[in-house]
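Data block for start31.json (JSON, C-alpha atoms and all ligand atoms):
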[["chain", "number", "residue", "atom", "x", "y", "z"],
["A", 15, "MET", "CA", 67.13, 122.10, 111.12],
["A", 16, "CYS", "CA", 68.88, 119.33, 109.23],
["A", 17, "ARG", "CA", 72.08, 120.67, 107.66],
["A", 18, "PHE", "CA", 72.06, 118.22, 104.79],
["A", 19, "CYS", "CA", 68.48, 117.93, 103.63],
["A", 20, "LYS", "CA", 67.72, 118.70, 99.99],
["A", 21, "ILE", "CA", 66.21, 122.08, 100.81],
["A", 22, "CYS", "CA", 69.28, 123.14, 102.78],
["A", 23, "LEU", "CA", 71.69, 121.98, 100.08],
["A", 24, "ARG", "CA", 69.70, 123.81, 97.40],
["A", 25, "ALA", "CA", 69.70, 126.98, 99.53],
["A", 26, "ILE", "CA", 73.48, 126.75, 100.03],
["A", 27, "GLU", "CA", 73.93, 126.23, 96.28],
["A", 28, "LEU", "CA", 71.83, 129.30, 95.46],
["A", 29, "ILE", "CA", 73.59, 131.47, 98.04],
["A", 30, "ALA", "CA", 76.98, 130.46, 96.59],
["A", 31, "LYS", "CA", 75.74, 131.27, 93.11],
["A", 32, "PHE", "CA", 74.46, 134.71, 93.95],
["A", 33, "ARG", "CA", 77.11, 135.79, 96.47],
["A", 34, "LEU", "CA", 79.26, 136.97, 93.58],
["A", 35, "ILE", "CA", 82.08, 134.64, 94.45],
["A", 36, "MET", "CA", 85.01, 135.28, 92.16],
["A", 37, "ARG", "CA", 86.29, 131.87, 91.17],
["A", 38, "CYS", "CA", 89.75, 131.16, 89.82],
["A", 39, "PRO", "CA", 89.41, 130.34, 86.08],
["A", 40, "TYR", "CA", 92.16, 127.71, 86.42],
["A", 41, "CYS", "CA", 91.24, 125.67, 89.52],
["A", 42, "ASN", "CA", 87.76, 127.03, 90.34],
["A", 43, "SER", "CA", 88.78, 127.95, 93.89],
["A", 44, "SER", "CA", 86.91, 130.89, 95.43],
["A", 45, "ASP", "CA", 89.94, 131.76, 97.57],
["A", 46, "SER", "CA", 91.79, 134.61, 95.87],
["A", 47, "ARG", "CA", 93.25, 137.94, 96.91],
["A", 48, "VAL", "CA", 93.51, 141.29, 95.17],
["A", 49, "ALA", "CA", 97.16, 142.03, 94.40],
["A", 50, "ASP", "CA", 96.65, 145.33, 92.63],
["A", 51, "SER", "CA", 93.74, 147.65, 91.76],
["A", 52, "ARG", "CA", 94.01, 150.42, 89.26],
["A", 53, "PRO", "CA", 91.59, 152.65, 87.43],
["A", 54, "ASP", "CA", 91.58, 152.23, 83.68],
["A", 55, "THR", "CA", 92.22, 155.08, 81.26],
["A", 56, "GLU", "CA", 88.50, 155.62, 81.62],
["A", 57, "ASP", "CA", 87.41, 156.68, 85.08],
["A", 58, "SER", "CA", 84.42, 154.37, 85.04],
["A", 59, "VAL", "CA", 86.51, 151.19, 84.94],
["A", 60, "ILE", "CA", 88.58, 149.52, 87.66],
["A", 61, "ARG", "CA", 90.82, 146.56, 86.92],
["A", 62, "ARG", "CA", 91.80, 144.26, 89.77],
["A", 63, "ARG", "CA", 94.74, 141.92, 89.45],
["A", 64, "ARG", "CA", 93.97, 138.87, 91.56],
["A", 65, "VAL", "CA", 96.09, 135.95, 92.73],
["A", 66, "CYS", "CA", 94.55, 132.57, 93.48],
["A", 67, "ASN", "CA", 95.54, 131.38, 96.96],
["A", 68, "GLN", "CA", 94.98, 127.79, 95.90],
["A", 69, "CYS", "CA", 97.02, 127.43, 92.69],
["A", 70, "GLY", "CA", 98.85, 130.76, 92.49],
["A", 71, "ALA", "CA", 97.39, 131.68, 89.09],
["A", 72, "LYS", "CA", 96.95, 135.36, 88.30],
["A", 73, "PHE", "CA", 93.89, 136.80, 86.59],
["A", 74, "THR", "CA", 92.21, 140.18, 86.15],
["A", 75, "THR", "CA", 88.66, 141.21, 86.96],
["A", 76, "VAL", "CA", 87.10, 144.33, 85.50],
["A", 77, "GLU", "CA", 84.53, 146.43, 87.30],
["A", 78, "ARG", "CA", 82.47, 148.87, 85.23],
["A", 79, "ILE", "CA", 79.76, 151.37, 85.91],
["A", 80, "GLN", "CA", 76.47, 150.36, 84.37],
["A", 81, "MET", "CA", 73.68, 152.90, 84.56],
["A", 82, "ARG", "CA", 70.80, 150.85, 83.21],
["A", 83, "ASP", "CA", 69.89, 147.31, 82.20],
["A", 84, "LEU", "CA", 69.29, 147.58, 78.48],
["A", 85, "THR", "CA", 67.52, 145.09, 76.26],
["A", 86, "VAL", "CA", 68.06, 144.90, 72.51],
["A", 87, "ARG", "CA", 65.16, 144.21, 70.16],
["A", 88, "LYS", "CA", 66.45, 142.37, 67.12],
["A", 89, "ASN", "CA", 64.90, 142.79, 63.66],
["A", 90, "SER", "CA", 63.09, 139.49, 64.17],
["A", 91, "GLY", "CA", 61.41, 140.99, 67.24],
["A", 92, "LYS", "CA", 63.41, 138.76, 69.61],
["A", 93, "LEU", "CA", 64.59, 140.47, 72.80],
["A", 94, "GLU", "CA", 67.98, 139.88, 74.37],
["A", 95, "PRO", "CA", 69.97, 141.62, 77.11],
["A", 96, "PHE", "CA", 72.48, 144.18, 75.84],
["A", 97, "ASP", "CA", 75.79, 142.33, 75.83],
["A", 98, "ARG", "CA", 78.82, 144.59, 75.87],
["A", 99, "GLU", "CA", 81.23, 141.70, 75.28],
["A", 100, "LYS", "CA", 79.26, 140.47, 72.27],
["A", 101, "LEU", "CA", 79.33, 143.96, 70.77],
["A", 102, "ALA", "CA", 83.07, 144.21, 71.42],
["A", 103, "ARG", "CA", 83.64, 140.84, 69.72],
["A", 104, "SER", "CA", 81.78, 141.88, 66.56],
["A", 105, "ILE", "CA", 83.74, 145.15, 66.37],
["A", 106, "LYS", "CA", 87.03, 143.32, 67.01],
["A", 107, "LEU", "CA", 86.26, 140.96, 64.15],
["A", 108, "ALA", "CA", 85.66, 143.90, 61.81],
["A", 109, "CYS", "CA", 88.94, 145.52, 62.95],
["A", 110, "ARG", "CA", 91.06, 142.36, 62.58],
["A", 111, "ASN", "CA", 94.54, 143.12, 61.17],
["A", 112, "ARG", "CA", 93.67, 146.80, 60.93],
["A", 113, "ASP", "CA", 95.54, 149.55, 62.73],
["A", 114, "VAL", "CA", 93.00, 149.73, 65.56],
["A", 115, "SER", "CA", 94.05, 148.92, 69.12],
["A", 116, "ASP", "CA", 92.07, 146.98, 71.72],
["A", 117, "ASP", "CA", 92.01, 150.17, 73.76],
["A", 118, "GLN", "CA", 90.35, 152.10, 70.90],
["A", 119, "ILE", "CA", 87.76, 149.33, 70.53],
["A", 120, "ASP", "CA", 87.12, 149.34, 74.26],
["A", 121, "LYS", "CA", 86.58, 153.09, 74.25],
["A", 122, "LEU", "CA", 84.27, 152.84, 71.25],
["A", 123, "VAL", "CA", 82.14, 150.19, 72.96],
["A", 124, "THR", "CA", 82.02, 152.25, 76.17],
["A", 125, "SER", "CA", 80.94, 155.37, 74.30],
["A", 126, "ILE", "CA", 78.18, 153.47, 72.45],
["A", 127, "HIS", "CA", 77.03, 151.84, 75.68],
["A", 128, "ARG", "CA", 76.94, 155.22, 77.44],
["A", 129, "ARG", "CA", 75.05, 156.85, 74.56],
["A", 130, "LEU", "CA", 72.46, 154.08, 74.61],
["A", 131, "GLU", "CA", 72.07, 154.55, 78.37],
["A", 132, "THR", "CA", 71.74, 158.32, 78.23],
["A", 133, "GLU", "CA", 70.14, 159.11, 74.87],
["A", 134, "THR", "CA", 67.25, 156.68, 74.99],
["A", 135, "ALA", "CA", 64.25, 156.89, 77.25],
["A", 136, "ASP", "CA", 63.27, 153.28, 76.76],
["A", 137, "ASP", "CA", 65.18, 150.35, 78.28],
["A", 138, "VAL", "CA", 64.49, 148.42, 75.07],
["A", 139, "VAL", "CA", 66.59, 149.65, 72.15],
["A", 140, "PRO", "CA", 66.30, 148.46, 68.55],
["A", 141, "SER", "CA", 69.35, 146.60, 67.22],
["A", 142, "SER", "CA", 69.24, 148.98, 64.23],
["A", 143, "MET", "CA", 70.11, 151.86, 66.58],
["A", 144, "VAL", "CA", 73.11, 149.96, 67.95],
["A", 145, "GLY", "CA", 74.20, 149.06, 64.42],
["A", 146, "GLN", "CA", 73.93, 152.66, 63.26],
["A", 147, "MET", "CA", 76.00, 153.92, 66.20],
["A", 148, "VAL", "CA", 78.71, 151.30, 65.58],
["A", 149, "SER", "CA", 78.88, 151.97, 61.84],
["A", 150, "ASP", "CA", 79.06, 155.76, 62.34],
["A", 151, "SER", "CA", 81.90, 155.33, 64.83],
["A", 152, "LEU", "CA", 83.77, 152.80, 62.70],
["A", 153, "LEU", "CA", 83.58, 154.94, 59.60],
["A", 154, "ASN", "CA", 85.48, 157.66, 61.42],
["A", 155, "LEU", "CA", 87.90, 155.16, 62.93],
["A", 156, "ASP", "CA", 88.66, 152.87, 59.98],
["A", 157, "PRO", "CA", 86.64, 152.73, 56.73],
["A", 158, "ILE", "CA", 87.71, 149.13, 55.97],
["A", 159, "ALA", "CA", 86.46, 147.97, 59.38],
["A", 160, "PHE", "CA", 83.27, 149.93, 58.67],
["A", 161, "VAL", "CA", 82.63, 148.06, 55.42],
["A", 162, "ARG", "CA", 83.38, 144.70, 57.07],
["A", 163, "PHE", "CA", 81.04, 145.45, 59.97],
["A", 164, "VAL", "CA", 78.18, 146.65, 57.76],
["A", 165, "SER", "CA", 78.57, 143.62, 55.46],
["A", 166, "VAL", "CA", 78.17, 141.23, 58.39],
["A", 167, "TYR", "CA", 75.48, 143.25, 60.17],
["A", 168, "ARG", "CA", 73.40, 143.68, 57.04],
["A", 169, "LYS", "CA", 74.12, 140.14, 55.85],
["A", 170, "PHE", "CA", 75.50, 141.18, 52.47],
["A", 171, "SER", "CA", 75.10, 138.43, 49.90],
["A", 172, "LYS", "CA", 76.09, 140.06, 46.63],
["A", 173, "VAL", "CA", 79.10, 142.00, 45.37],
["A", 174, "SER", "CA", 76.73, 144.82, 44.48],
["A", 175, "ASP", "CA", 75.85, 145.18, 48.19],
["A", 176, "PHE", "CA", 79.48, 146.09, 48.85],
["A", 177, "LYS", "CA", 79.61, 148.37, 45.84],
["A", 178, "LYS", "CA", 76.54, 150.27, 46.98],
["A", 179, "ILE", "CA", 77.91, 150.95, 50.46],
["A", 180, "ILE", "CA", 81.45, 151.75, 49.28],
["A", 181, "ASP", "CA", 80.09, 154.25, 46.75],
["A", 182, "GLN", "CA", 78.46, 156.12, 49.62],
["A", 183, "ILE", "CA", 81.77, 156.75, 51.41],
["A", 184, "PRO", "CA", 83.03, 160.18, 50.40],
["A", 185, "GLU", "CA", 86.84, 160.28, 50.10],
["A", 186, "ASP", "CA", 89.42, 162.77, 48.94],
["A", 187, "ASP", "CA", 92.15, 162.19, 46.30],
["A", 188, "GLU", "CA", 94.38, 160.54, 48.90],
["A", 189, "GLY", "CA", 91.70, 158.06, 49.83],
["A", 190, "ALA", "CA", 90.85, 159.60, 53.20],
["A", 191, "VAL", "CA", 87.24, 159.77, 54.30],
["A", 192, "VAL", "CA", 86.33, 163.45, 54.09],
["A", 193, "CYS", "CA", 83.25, 163.51, 56.26],
["A", 194, "PRO", "CA", 80.95, 161.12, 58.02],
["A", 195, "LEU", "CA", 78.27, 159.48, 55.95],
["A", 196, "PRO", "CA", 75.08, 161.41, 55.78],
["A", 197, "LYS", "CA", 72.54, 159.93, 58.15],
["A", 198, "THR", "CA", 71.36, 157.41, 55.65],
["A", 199, "SER", "CA", 69.34, 154.60, 57.04],
["A", 200, "LEU", "CA", 71.86, 151.81, 56.73],
["A", 201, "PHE", "CA", 69.95, 149.50, 58.97],
["B", 301, "ZN", "ZN", 93.38, 128.69, 91.17]]

Output the file's structure as structure tokens, nothing else.
Ligand SMILES: [Zn+2]
Amino acid sequence: MCRFCKICLRAIELIAKFRLIMRCPYCNSSDSRVADSRPDTEDSVIRRRRVCNQCGAKFTTVERIQMRDLTVRKNSGKLEPFDREKLARSIKLACRNRDVSDDQIDKLVTSIHRRLETETADDVVPSSMVGQMVSDSLLNLDPIAFVRFVSVYRKFSKVSDFKKIIDQIPEDDEGAVVCPLPKTSLF
């Protein structure tokens, strides 16, 4: 068979794409070696420190356990694959300049992901369920981040929207949240 015909080249291209080649983010070389592997604080995560044999750059890859392929149904009815990184970004934004570490955010995302995988029978989960889980967790972690997250998620447009949600947060005389919000339907 001809090694360079269009069909062959296309096949080679597809094989390269799906062979899970780890390319260097700096020079795009697929030639790298693992310098160090270590489990994360969570047992379900392994981080591998890699060194590019081409340019010498170092980068980290993260391997996680994923039990199911989840799809999120947005309020508009649109379906999209559950995206852990996207969820982490929205939580990070809400926690900006707050006393919440990346590690805490990572754990929060993992716990939400795991709950979605284990507590739902359907592979399609409504975005409202994800939003409710995030807001419940954030309220316990940092009430300011909670308000920020809810305001973005619910697309607040008026000052009274903030007032309504803040009035629902029960706090003691020192300003600490005394208990989680009752299971109101925020979303
Ligand atoms: Zn490289």

What does the list of residues within 8 Å of ligand ZN 301 (chain B) look like if you count all atoms listed in the file, written as a PDB file with C-alpha atoms, keeping the file's coordinate frame?
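Saved as out.pdb:
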ATOM      1  CA  ARG A  37      86.290 131.870  91.170  1.00  0.00           C
ATOM      2  CA  CYS A  38      89.750 131.160  89.820  1.00  0.00           C
ATOM      3  CA  PRO A  39      89.410 130.340  86.080  1.00  0.00           C
ATOM      4  CA  TYR A  40      92.160 127.710  86.420  1.00  0.00           C
ATOM      5  CA  CYS A  41      91.240 125.670  89.520  1.00  0.00           C
ATOM      6  CA  ASN A  42      87.760 127.030  90.340  1.00  0.00           C
ATOM      7  CA  SER A  43      88.780 127.950  93.890  1.00  0.00           C
ATOM      8  CA  ASP A  45      89.940 131.760  97.570  1.00  0.00           C
ATOM      9  CA  SER A  46      91.790 134.610  95.870  1.00  0.00           C
ATOM     10  CA  VAL A  65      96.090 135.950  92.730  1.00  0.00           C
ATOM     11  CA  CYS A  66      94.550 132.570  93.480  1.00  0.00           C
ATOM     12  CA  ASN A  67      95.540 131.380  96.960  1.00  0.00           C
ATOM     13  CA  GLN A  68      94.980 127.790  95.900  1.00  0.00           C
ATOM     14  CA  CYS A  69      97.020 127.430  92.690  1.00  0.00           C
ATOM     15  CA  GLY A  70      98.850 130.760  92.490  1.00  0.00           C
ATOM     16  CA  ALA A  71      97.390 131.680  89.090  1.00  0.00           C
TER      17      ALA A  71
END

Report the distance between atom CA of Val123 of chain A and atom CA of Leu107 of chain A in Å, rounded to one decimal place.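 About the pair atom CA of Val123 of chain A and atom CA of Leu107 of chain A: they are 13.4 Å apart.
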
What is the atom CA of Arg87 of chain A to atom CA of Leu130 of chain A distance in Å?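 About the pair atom CA of Arg87 of chain A and atom CA of Leu130 of chain A: they are 13.1 Å apart.
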
Selected residue of minimal separation from Lys92 of chain A among A:Val139, A:Gly145, A:Ile183, A:Lys177, counting only C-alpha atoms: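 Closest to Lys92 of chain A of all the choices is A:Val139.
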
Identify, on the basis of all atoms listed in the file, every residue whose closest approach to Ser165 of chain A does not exceed 10 Å; exclude the query and any residue fewer than 6 positions from it along the same chain; express the result as an NGL selection string. :A and (108 or 159 or 171-172 or 175-176 or 179)

Can you measure atom CA of Leu155 of chain A to atom CA of Ser141 of chain A for me? One decimal in Å is fine. 20.9 Å

May I have the protein, DNA and RNA residues with an atom at most 12 Å from (89.7, 153.7, 84.9), counting only C-alpha atoms in the file's coordinates, returned as a PDB file with C-alpha atoms, keeping the file's coordinate frame?
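Final file, selection-v6.pdb:
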ATOM      1  CA  SER A  51      93.740 147.650  91.760  1.00  0.00           C
ATOM      2  CA  ARG A  52      94.010 150.420  89.260  1.00  0.00           C
ATOM      3  CA  PRO A  53      91.590 152.650  87.430  1.00  0.00           C
ATOM      4  CA  ASP A  54      91.580 152.230  83.680  1.00  0.00           C
ATOM      5  CA  THR A  55      92.220 155.080  81.260  1.00  0.00           C
ATOM      6  CA  GLU A  56      88.500 155.620  81.620  1.00  0.00           C
ATOM      7  CA  ASP A  57      87.410 156.680  85.080  1.00  0.00           C
ATOM      8  CA  SER A  58      84.420 154.370  85.040  1.00  0.00           C
ATOM      9  CA  VAL A  59      86.510 151.190  84.940  1.00  0.00           C
ATOM     10  CA  ILE A  60      88.580 149.520  87.660  1.00  0.00           C
ATOM     11  CA  ARG A  61      90.820 146.560  86.920  1.00  0.00           C
ATOM     12  CA  ARG A  62      91.800 144.260  89.770  1.00  0.00           C
ATOM     13  CA  VAL A  76      87.100 144.330  85.500  1.00  0.00           C
ATOM     14  CA  GLU A  77      84.530 146.430  87.300  1.00  0.00           C
ATOM     15  CA  ARG A  78      82.470 148.870  85.230  1.00  0.00           C
ATOM     16  CA  ILE A  79      79.760 151.370  85.910  1.00  0.00           C
ATOM     17  CA  ASP A 117      92.010 150.170  73.760  1.00  0.00           C
ATOM     18  CA  ASP A 120      87.120 149.340  74.260  1.00  0.00           C
ATOM     19  CA  LYS A 121      86.580 153.090  74.250  1.00  0.00           C
ATOM     20  CA  THR A 124      82.020 152.250  76.170  1.00  0.00           C
TER      21      THR A 124
END

Residue nearest Thr132 of chain A among A:Asp83, A:Asp186, A:Asp150, A:Glu99 (counting all atoms listed in the file): A:Asp83

Pick from A:Arg128, A:Phe160, A:Asn111, A:Asp50, whichever lies nearest to Met81 of chain A using all atoms listed in the file: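 Among the listed residues, A:Arg128 lies closest to Met81 of chain A.
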
With all atoms listed in the file as the counted atoms, please give the residues lying no more than 10 Å from Met147 of chain A, apart from itself and same-chain residues fewer than 5 positions off, as a VMD selection string. chain A and resid 122 to 123 125 to 127 129 to 130 141 to 142 152

Using only C-alpha atoms: which of A:Arg110, A:Arg162, A:Lys88, A:Arg47 has the shortest distance to Val148 of chain A: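 Counting only C-alpha atoms, the residue closest to Val148 of chain A is A:Arg162.
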